[in-house]
Every structure is written in C-alpha cells, then in structure tokens.
>>> print(open('structure.tsv').read())   # TSV, C-alpha atoms
chain	number	residue	atom	x	y	z
A	29	ASN	CA	-19.10	-30.11	-13.26
A	30	GLN	CA	-22.47	-30.09	-15.01
A	31	LEU	CA	-24.11	-31.85	-12.07
A	32	THR	CA	-22.65	-29.79	-9.20
A	33	HIS	CA	-22.16	-26.25	-10.44
A	34	HIS	CA	-23.57	-24.59	-7.30
A	35	GLY	CA	-20.16	-23.71	-5.86
A	36	ASN	CA	-18.94	-22.31	-9.18
A	37	SER	CA	-22.01	-20.14	-9.50
A	38	VAL	CA	-21.82	-18.83	-5.94
A	39	ALA	CA	-18.13	-18.02	-6.25
A	40	GLY	CA	-18.70	-16.32	-9.59
A	41	TRP	CA	-21.32	-13.91	-8.26
A	42	ALA	CA	-18.81	-12.86	-5.61
A	43	VAL	CA	-15.51	-12.66	-7.50
A	44	ALA	CA	-15.75	-13.65	-11.20
A	45	ASN	CA	-13.47	-11.73	-13.54
A	46	PHE	CA	-15.17	-9.40	-15.96
A	47	ASP	CA	-16.07	-11.27	-19.17
A	48	ASN	CA	-17.30	-9.05	-21.97
A	49	ALA	CA	-18.68	-11.82	-24.15
A	50	ALA	CA	-19.54	-9.73	-27.18
A	51	SER	CA	-19.34	-12.72	-29.49
A	52	GLY	CA	-19.28	-16.48	-29.44
A	53	VAL	CA	-21.56	-18.97	-27.73
A	54	ASN	CA	-22.23	-16.98	-24.57
A	55	LEU	CA	-23.48	-13.54	-25.50
A	56	THR	CA	-23.77	-12.44	-21.88
A	57	SER	CA	-21.23	-10.36	-20.00
A	58	ILE	CA	-20.65	-11.32	-16.38
A	59	MET	CA	-18.67	-9.85	-13.50
A	60	GLY	CA	-18.48	-10.67	-9.81
A	61	VAL	CA	-19.11	-7.92	-7.29
A	62	ALA	CA	-15.45	-8.00	-6.19
A	63	TYR	CA	-13.93	-9.16	-9.47
A	64	ASP	CA	-10.32	-8.49	-8.39
A	65	ALA	CA	-10.59	-10.53	-5.19
A	66	ASP	CA	-8.77	-13.77	-4.48
A	67	LEU	CA	-10.79	-16.89	-3.70
A	68	HIS	CA	-10.43	-19.59	-1.02
A	69	TRP	CA	-12.37	-22.79	-1.74
A	70	ALA	CA	-13.79	-25.23	0.81
A	71	ASP	CA	-15.61	-28.50	0.03
A	72	TYR	CA	-17.87	-29.97	2.70
A	73	GLY	CA	-19.32	-32.68	0.49
A	74	VAL	CA	-16.68	-35.34	1.15
A	75	ILE	CA	-16.37	-34.87	4.93
A	76	TRP	CA	-19.69	-33.60	6.35
A	77	SER	CA	-18.82	-32.59	9.90
A	78	PRO	CA	-18.46	-29.51	12.12
A	79	ALA	CA	-14.85	-30.55	12.66
A	80	GLN	CA	-14.25	-30.28	8.90
A	81	TRP	CA	-16.03	-26.92	8.77
A	82	ALA	CA	-13.68	-25.77	11.53
A	83	LEU	CA	-10.58	-26.83	9.58
A	84	SER	CA	-11.82	-25.02	6.47
A	85	THR	CA	-12.60	-21.87	8.43
A	86	ASP	CA	-9.21	-21.92	10.15
A	87	ASP	CA	-7.51	-22.37	6.78
A	88	ALA	CA	-9.47	-19.45	5.33
A	89	LYS	CA	-8.20	-17.28	8.18
A	90	ALA	CA	-4.64	-18.49	7.61
A	91	GLN	CA	-4.99	-17.41	3.96
A	92	SER	CA	-5.97	-13.88	5.15
A	93	SER	CA	-9.57	-14.12	3.96
A	94	VAL	CA	-11.73	-11.12	4.87
A	95	VAL	CA	-15.15	-12.71	4.32
A	96	GLN	CA	-16.49	-16.27	4.38
A	97	ASN	CA	-19.56	-16.88	2.23
A	98	ASN	CA	-21.83	-19.73	3.32
A	99	SER	CA	-24.51	-20.61	0.75
A	100	TRP	CA	-25.44	-23.83	2.52
A	101	GLY	CA	-26.87	-25.06	5.82
A	102	TRP	CA	-26.84	-28.02	8.15
A	103	ASP	CA	-30.36	-28.12	9.65
A	104	ASP	CA	-33.85	-29.01	8.43
A	105	ASP	CA	-35.38	-25.53	8.93
A	106	LEU	CA	-35.15	-26.02	12.68
A	107	ASN	CA	-36.53	-23.11	14.71
A	108	PRO	CA	-33.59	-21.81	16.81
A	109	ASP	CA	-36.01	-21.11	19.64
A	110	ASN	CA	-36.40	-24.89	19.98
A	111	ILE	CA	-32.67	-25.09	20.67
A	112	LYS	CA	-32.81	-22.15	23.08
A	113	THR	CA	-35.68	-23.76	25.00
A	114	TYR	CA	-33.86	-27.11	25.16
A	115	MET	CA	-30.70	-25.45	26.47
A	116	ALA	CA	-32.57	-23.70	29.27
A	117	ALA	CA	-34.75	-26.68	30.21
A	118	ASN	CA	-31.84	-29.12	30.37
A	119	ASN	CA	-29.08	-26.74	31.50
A	120	VAL	CA	-26.82	-27.71	28.60
A	121	THR	CA	-24.51	-25.85	26.25
A	122	LEU	CA	-25.30	-25.00	22.64
A	123	ALA	CA	-23.00	-27.79	21.46
A	124	GLU	CA	-24.74	-30.33	23.69
A	125	ALA	CA	-28.18	-29.20	22.50
A	126	LEU	CA	-27.18	-29.61	18.86
A	127	VAL	CA	-25.91	-33.12	19.56
A	128	ALA	CA	-29.28	-33.96	21.11
A	129	TYR	CA	-31.12	-32.63	18.05
A	130	GLN	CA	-29.04	-34.85	15.79
A	131	ALA	CA	-31.44	-37.59	16.95
A	132	ILE	CA	-34.69	-35.66	16.32
A	133	GLN	CA	-36.55	-35.79	13.00
A	134	ASN	CA	-39.85	-33.95	13.33
A	135	GLU	CA	-39.33	-30.40	14.60
A	136	GLY	CA	-38.24	-28.71	11.38
A	137	ALA	CA	-40.57	-25.99	10.08
A	138	GLY	CA	-43.18	-27.64	7.89
A	139	ASP	CA	-42.16	-31.20	8.80
A	140	ALA	CA	-44.98	-33.68	8.34
A	141	ALA	CA	-45.60	-36.84	10.31
A	142	GLY	CA	-43.08	-39.50	9.40
A	143	ASP	CA	-40.38	-37.03	8.36
A	144	THR	CA	-37.11	-38.93	7.92
A	145	ILE	CA	-34.63	-36.02	7.79
A	146	PHE	CA	-32.82	-35.40	11.05
A	147	ASP	CA	-33.26	-31.81	12.22
A	148	VAL	CA	-29.54	-31.26	12.80
A	149	GLY	CA	-27.35	-32.90	10.17
A	150	LEU	CA	-29.83	-32.48	7.30
A	151	SER	CA	-29.65	-36.14	6.37
A	152	GLY	CA	-31.68	-39.31	6.55
A	153	THR	CA	-28.77	-40.80	8.48
A	154	GLN	CA	-28.24	-39.72	12.08
A	155	GLN	CA	-24.90	-37.98	12.53
A	156	THR	CA	-22.46	-38.99	15.27
A	157	TRP	CA	-20.94	-35.56	15.73
A	158	THR	CA	-19.80	-34.79	19.27
A	159	ALA	CA	-19.98	-31.67	21.41
A	160	ALA	CA	-16.22	-31.37	20.87
A	161	ASP	CA	-16.80	-31.25	17.10
A	162	TRP	CA	-19.33	-28.44	17.49
A	163	ASN	CA	-17.11	-26.52	19.89
A	164	ALA	CA	-14.22	-26.76	17.43
A	165	TYR	CA	-16.46	-25.17	14.80
A	166	PHE	CA	-17.62	-22.45	17.20
A	167	GLU	CA	-14.03	-21.58	18.10
A	168	SER	CA	-13.03	-21.38	14.44
A	169	VAL	CA	-15.98	-19.07	13.72
A	170	LYS	CA	-15.01	-16.78	16.60
A	171	SER	CA	-11.37	-16.77	15.52
A	172	PHE	CA	-12.22	-15.96	11.90
A	173	GLN	CA	-14.26	-12.94	12.96
A	174	GLU	CA	-11.10	-11.39	14.39
A	175	GLN	CA	-10.13	-10.59	10.79
A	176	GLY	CA	-13.20	-11.24	8.63
A	177	VAL	CA	-16.97	-11.39	8.32
A	178	ILE	CA	-19.11	-14.55	8.30
A	179	VAL	CA	-21.97	-14.37	5.75
A	180	PHE	CA	-24.74	-17.00	5.89
A	181	ALA	CA	-27.60	-17.44	3.41
A	182	LEU	CA	-31.04	-17.85	4.97
A	183	SER	CA	-33.11	-20.92	4.12
A	184	ASN	CA	-34.93	-20.74	0.78
A	185	ASP	CA	-38.09	-22.14	2.34
A	186	ASN	CA	-40.73	-19.44	2.65
A	187	ASN	CA	-43.61	-21.61	3.78
A	188	SER	CA	-46.35	-20.72	6.24
A	189	ALA	CA	-44.60	-22.68	9.00
A	190	MET	CA	-41.72	-20.19	8.86
A	191	GLY	CA	-44.10	-17.26	9.01
A	192	VAL	CA	-43.60	-15.68	5.60
A	193	THR	CA	-47.25	-16.40	4.86
A	194	GLY	CA	-50.00	-17.15	7.32
A	195	GLY	CA	-50.38	-15.96	10.88
A	196	VAL	CA	-47.74	-17.99	12.69
A	197	THR	CA	-44.70	-16.61	14.50
A	198	LYS	CA	-41.84	-15.88	12.10
A	199	THR	CA	-38.73	-18.05	12.35
A	200	THR	CA	-35.54	-18.65	10.46
A	201	ASP	CA	-33.29	-21.73	10.44
A	202	THR	CA	-30.75	-22.64	13.11
A	203	SER	CA	-27.69	-22.77	10.83
A	204	VAL	CA	-27.78	-19.01	10.34
A	205	ALA	CA	-28.84	-18.14	13.90
A	206	LEU	CA	-25.84	-19.23	15.97
A	207	PRO	CA	-25.18	-15.69	17.26
A	208	TYR	CA	-28.80	-15.56	18.43
A	209	LEU	CA	-28.10	-18.66	20.52
A	210	ASP	CA	-24.61	-17.59	21.64
A	211	SER	CA	-23.74	-13.91	21.32
A	212	SER	CA	-19.99	-14.66	21.41
A	213	LEU	CA	-20.37	-16.09	17.88
A	214	GLY	CA	-21.66	-12.86	16.36
A	215	ASP	CA	-18.95	-10.20	16.40
A	216	ALA	CA	-19.06	-9.98	12.59
A	217	TRP	CA	-21.83	-12.24	11.33
A	218	ILE	CA	-24.43	-11.36	8.67
A	219	THR	CA	-27.41	-13.33	7.43
A	220	VAL	CA	-28.79	-12.71	3.94
A	221	GLY	CA	-32.33	-13.15	2.68
A	222	ASN	CA	-33.69	-13.06	-0.86
A	223	VAL	CA	-36.14	-10.45	-2.15
A	224	ILE	CA	-37.98	-10.15	-5.43
A	225	ASN	CA	-38.33	-6.73	-7.03
A	226	PHE	CA	-41.73	-6.06	-8.58
A	227	GLY	CA	-40.56	-3.16	-10.73
A	228	THR	CA	-38.32	-0.15	-10.60
A	229	SER	CA	-41.19	2.31	-10.87
A	230	SER	CA	-43.01	1.13	-7.75
A	231	GLY	CA	-40.00	-0.06	-5.80
A	232	ASN	CA	-42.15	-2.79	-4.28
A	233	LYS	CA	-40.29	-5.84	-3.00
A	234	ALA	CA	-41.31	-9.08	-1.30
A	235	MET	CA	-39.39	-11.64	0.74
A	236	TYR	CA	-38.57	-14.69	-1.37
A	237	SER	CA	-36.92	-16.78	1.32
A	238	ALA	CA	-37.18	-17.52	5.02
A	239	PRO	CA	-37.48	-14.29	7.03
A	240	CYS	CA	-34.70	-12.63	9.01
A	241	ALA	CA	-36.78	-13.32	12.16
A	242	GLN	CA	-34.45	-14.14	15.08
A	243	THR	CA	-31.47	-12.81	13.08
A	244	LYS	CA	-33.08	-9.43	12.34
A	245	GLU	CA	-30.36	-7.50	14.20
A	246	PHE	CA	-27.68	-8.77	11.81
A	247	CYS	CA	-29.68	-9.49	8.64
A	248	VAL	CA	-29.74	-7.87	5.20
A	249	VAL	CA	-31.49	-8.82	1.96
A	250	ALA	CA	-30.46	-8.79	-1.70
A	251	ASP	CA	-32.14	-9.58	-5.01
A	252	GLY	CA	-31.31	-13.20	-5.79
A	253	VAL	CA	-34.10	-13.86	-8.28
A	254	ARG	CA	-33.12	-15.16	-11.72
A	255	ILE	CA	-29.49	-14.13	-11.39
A	256	GLY	CA	-27.24	-15.08	-14.30
A	257	GLY	CA	-23.57	-15.88	-13.89
A	258	VAL	CA	-20.86	-18.53	-14.00
A	259	GLY	CA	-22.06	-22.09	-14.52
A	260	GLY	CA	-19.98	-25.21	-14.31
A	261	ASP	CA	-18.91	-27.51	-17.11
A	262	ASN	CA	-21.29	-28.37	-19.93
A	263	GLY	CA	-19.53	-31.66	-20.61
A	264	THR	CA	-17.09	-30.33	-23.20
A	265	ASP	CA	-14.80	-28.34	-20.87
A	266	THR	CA	-16.47	-25.14	-22.03
A	267	ALA	CA	-17.74	-22.78	-19.35
A	268	TYR	CA	-21.38	-21.78	-19.61
A	269	ILE	CA	-23.77	-19.24	-18.16
A	270	ASN	CA	-26.06	-20.43	-15.38
A	271	GLU	CA	-29.19	-18.78	-14.02
A	272	GLY	CA	-30.66	-19.37	-10.60
A	273	THR	CA	-32.82	-18.06	-7.80
A	274	GLY	CA	-32.24	-18.29	-4.07
A	275	THR	CA	-30.38	-16.99	-1.06
A	276	SER	CA	-27.31	-18.81	-2.38
A	277	TYR	CA	-27.26	-16.12	-5.04
A	278	SER	CA	-28.07	-13.22	-2.69
A	279	ALA	CA	-25.33	-14.03	-0.17
A	280	PRO	CA	-22.28	-13.83	-2.49
A	281	GLN	CA	-23.38	-10.39	-3.63
A	282	VAL	CA	-23.13	-9.27	-0.01
A	283	SER	CA	-19.84	-11.13	0.47
A	284	GLY	CA	-18.40	-9.41	-2.59
A	285	ALA	CA	-19.48	-6.02	-1.24
A	286	ILE	CA	-17.74	-6.77	2.06
A	287	ALA	CA	-14.55	-7.65	0.18
A	288	LEU	CA	-14.70	-4.25	-1.52
A	289	LEU	CA	-15.19	-2.52	1.83
A	290	ALA	CA	-12.21	-4.41	3.27
A	291	GLN	CA	-10.10	-3.26	0.33
A	292	ALA	CA	-11.23	0.36	0.64
A	293	PHE	CA	-10.95	0.51	4.43
A	294	PRO	CA	-8.20	-1.96	5.41
A	295	LEU	CA	-7.74	-0.46	8.87
A	296	ALA	CA	-11.40	-0.93	9.82
A	297	THR	CA	-12.53	-3.95	11.82
A	298	PRO	CA	-14.73	-6.78	10.49
A	299	SER	CA	-17.64	-5.51	12.58
A	300	VAL	CA	-17.41	-2.23	10.61
A	301	TRP	CA	-17.21	-3.96	7.21
A	302	GLY	CA	-20.27	-5.99	8.18
>>> encode(input="structure.tsv", output="structure tokens")
Amino acid sequence: NQLTHHGNSVAGWAVANFDNAASGVNLTSIMGVAYDADLHWADYGVIWSPAQWALSTDDAKAQSSVVQNNSWGWDDDLNPDNIKTYMAANNVTLAEALVAYQAIQNEGAGDAAGDTIFDVGLSGTQQTWTAADWNAYFESVKSFQEQGVIVFALSNDNNSAMGVTGGVTKTTDTSVALPYLDSSLGDAWITVGNVINFGTSSGNKAMYSAPCAQTKEFCVVADGVRIGGVGGDNGTDTAYINEGTGTSYSAPQVSGAIALLAQAFPLATPSVWG
C-alpha cells in the first residue's frame, strides 16, 4: 500500500514485467532485471522471528526458487567481530551468542549513550528468540543454498563508526555477515553494497552504504542511487512509479542477474551463479 511499498519496489527491480508507458499518467517505462522470472513472497512483519524466517526460506526452496533477495536486516549495525569475540571468550555457538546480544543495547556502530534499540532484534523491545530458533534459521539457509543463492543488502549506514569515513576500522553489520561467523552458512551467499556514480566520463564511484568489510570475499556493489521503479498503491488502486536510494535497491538488481544466470546455465551450481 501507499505506506509500505518497500517490498513492491524491491520485487519490481528484480522481476517487474516490461511496461512501456508511452502515454497516460506514468510516462516512465520500467522493467525488472529478470522480467520473466516467477516471484515468491515472504512477509516478516507479522511474525518477527528467526523461526519464521526459516519457514519462509524452506518454502522458497520448496517452490524451486533459485535466489532469495533480502533487502532487510535484524541487527542495529552490530560489528560481527563483537559476536566472534564473544563466541571465543565464552566458548558458545553462534546461535547462543546472538541470544546473548538480544539483551545488549549499546554496541551497534554509532550507538550513543542511552541507546534503546537492542543490538540483535532491531527493536526497542527485547526479543525472546531461542538458540533453537536461530539454529532453525541457519539450517534453512544452508538447505536453500543447495539449490539457490542468498543475497543480502548491506546496511545503508555509512557513518564514521562503520569506517566509510574517518580512520576507524571498517565494519559491516552482523545480519549480512553470517558466513564470516560460520563458514558453513556461505556456500552461495552474496552481500551487496550501494555505490554512487559520479559520471560516465570519469567512471568515478564512491561507496554509499556500509562497506563490504568482513564480507569482502563474497561482496559485490551496484548502483542503487535514485532508482525508479514499481511503487505501491497511491490510494486509488492505481500503481505508481517510486524512486529510492539504498542497498535495498542495489540487491534486487543482483538477485535478478542471478536468476538470469540460473536460467542460462541450469546445470551449474548456486556457487557458480553467485
């Protein structure tokens, strides 16, 4: 709808049918990267839980999906090295470390004193997710990668605390960095950053999101600045064109490209498509 068109826009940049709007209200033609592809929807807004993410991922696999686009995240720009350090210091699993960080509010990149957003859960309310919930999600991610590629958008924050500017160590967010923390989760996993193009003549580009950082071995970037495409509903049941900037708009371009590769090379493995 007009208030929550994010999912429509993301899906459109990946798979929208070609619309040659030569006349009428919307004088802008649009087309998704893989405009002939089928689409599997998942809504995490009603049930916000790793167990729900697992069910959605398993269902996507059951529907023969070849790529899962994730233009969202579940942490407050938490440095994944914090999780790695906690795991080693306390001799716990990744799932157990994430449960512990559901109770922490002040370690996200750029967090100020008195921050009220929990670092894992991305909410002002502490989540009660269990290690079993996280492990269910991890297993679904591993299973999906047997037939498809996981694509995750990097955080849009490009502040000095994440190392895009200033002299601090570069970091990304934990949501996208699971294979960095557990290599078994990364058989076919790609993270996507956003870049801004300063002109075709110079070819100069600059990072417009969190950096690849810990995910550099499986990270790509795409231009997600002022991208026009499918909107939602303008209140009169008439589709409209939406414009936006962010990694949410970079990631579906990559996901669409992977769908095209899967179509062209159906005998290849997801690690090759990605």
>>> residues_near_point(input="structure.tsv", point="(-18.2, -14.8, 16.6)", cutoff="7 Å", atoms="only C-alpha atoms", output="MDAnalysis selection string")
chainID A and resid 169:170 173 212:217
>>> residues_around(input="structure.tsv", residues="Asn270 of chain A", least_positions_apart="2", cutoff="6 Å", atoms="all atoms listed in the file", output="PyMOL selection string")
chain A and resi 256-259
>>> closest_atom_pairs(input="structure.tsv", of="segment 263-298 of chain A", to="segment 235-251 of chain A", cutoff="8 Å", atoms="all atoms listed in the file", output="tab-separated table")
residue	atom	partner	partner_atom	distance
A:Gly274	CA	A:Ser237	CA	7.3
A:Thr275	CA	A:Ser237	CA	7.0
A:Ser278	CA	A:Ala250	CA	5.1
A:Ala279	CA	A:Ala250	CA	7.5
A:Gln281	CA	A:Ala250	CA	7.5
A:Val282	CA	A:Ala250	CA	7.5
>>> atom_distance(input="structure.tsv", atom1="atom CA of Gly152 of chain A", atom2="atom CA of Pro280 of chain A")
28.6 Å
>>> atom_distance(input="structure.tsv", atom1="atom CA of Ile75 of chain A", atom2="atom CA of Val179 of chain A")
21.3 Å
>>> closest_residue(input="structure.tsv", among="A:Phe172, A:Tyr114, A:Tyr129, A:Tyr63", to="Thr156 of chain A", atoms="all atoms listed in the file")
A:Tyr129
>>> residues_around(input="structure.tsv", residues="Ala125 of chain A", least_positions_apart="6", cutoff="9 Å", atoms="only C-alpha atoms", output="number ranges by chain")
A: 111-112, 114-115, 118, 159
>>> residues_around(input="structure.tsv", residues="Gln154 of chain A", least_positions_apart="4", cutoff="9 Å", atoms="all atoms listed in the file", output="JSON, numbers by chain")
{"A": [130, 131, 132, 145, 146, 148, 149, 150]}
>>> closest_residue(input="structure.tsv", among="A:Gln291, A:Asp210, A:Ile178, A:Asp104", to="Asp143 of chain A", atoms="only C-alpha atoms")
A:Asp104
>>> closest_residue(input="structure.tsv", among="A:Thr200, A:Asn163, A:Asn119, A:Gln96", to="Asn184 of chain A", atoms="all atoms listed in the file")
A:Thr200
>>> closest_residue(input="structure.tsv", among="A:Gln155, A:Ala90, A:Ala137, A:Ala123", to="Trp76 of chain A", atoms="all atoms listed in the file")
A:Gln155
>>> residues_around(input="structure.tsv", residues="Ala39 of chain A", least_positions_apart="3", cutoff="9 Å", atoms="all atoms listed in the file", output="ChimeraX atom specification")
/A:34-36,42-44,60,67,69,97,258,280
>>> atom_distance(input="structure.tsv", atom1="atom CA of Asp185 of chain A", atom2="atom CA of Asp109 of chain A")
17.5 Å
>>> closest_residue(input="structure.tsv", among="A:Val95, A:Tyr277, A:Asp139, A:Thr199", to="Ile218 of chain A", atoms="only C-alpha atoms")
A:Val95
>>> closest_residue(input="structure.tsv", among="A:Val177, A:Val74, A:Met59, A:Ala285", to="Ser93 of chain A", atoms="all atoms listed in the file")
A:Val177
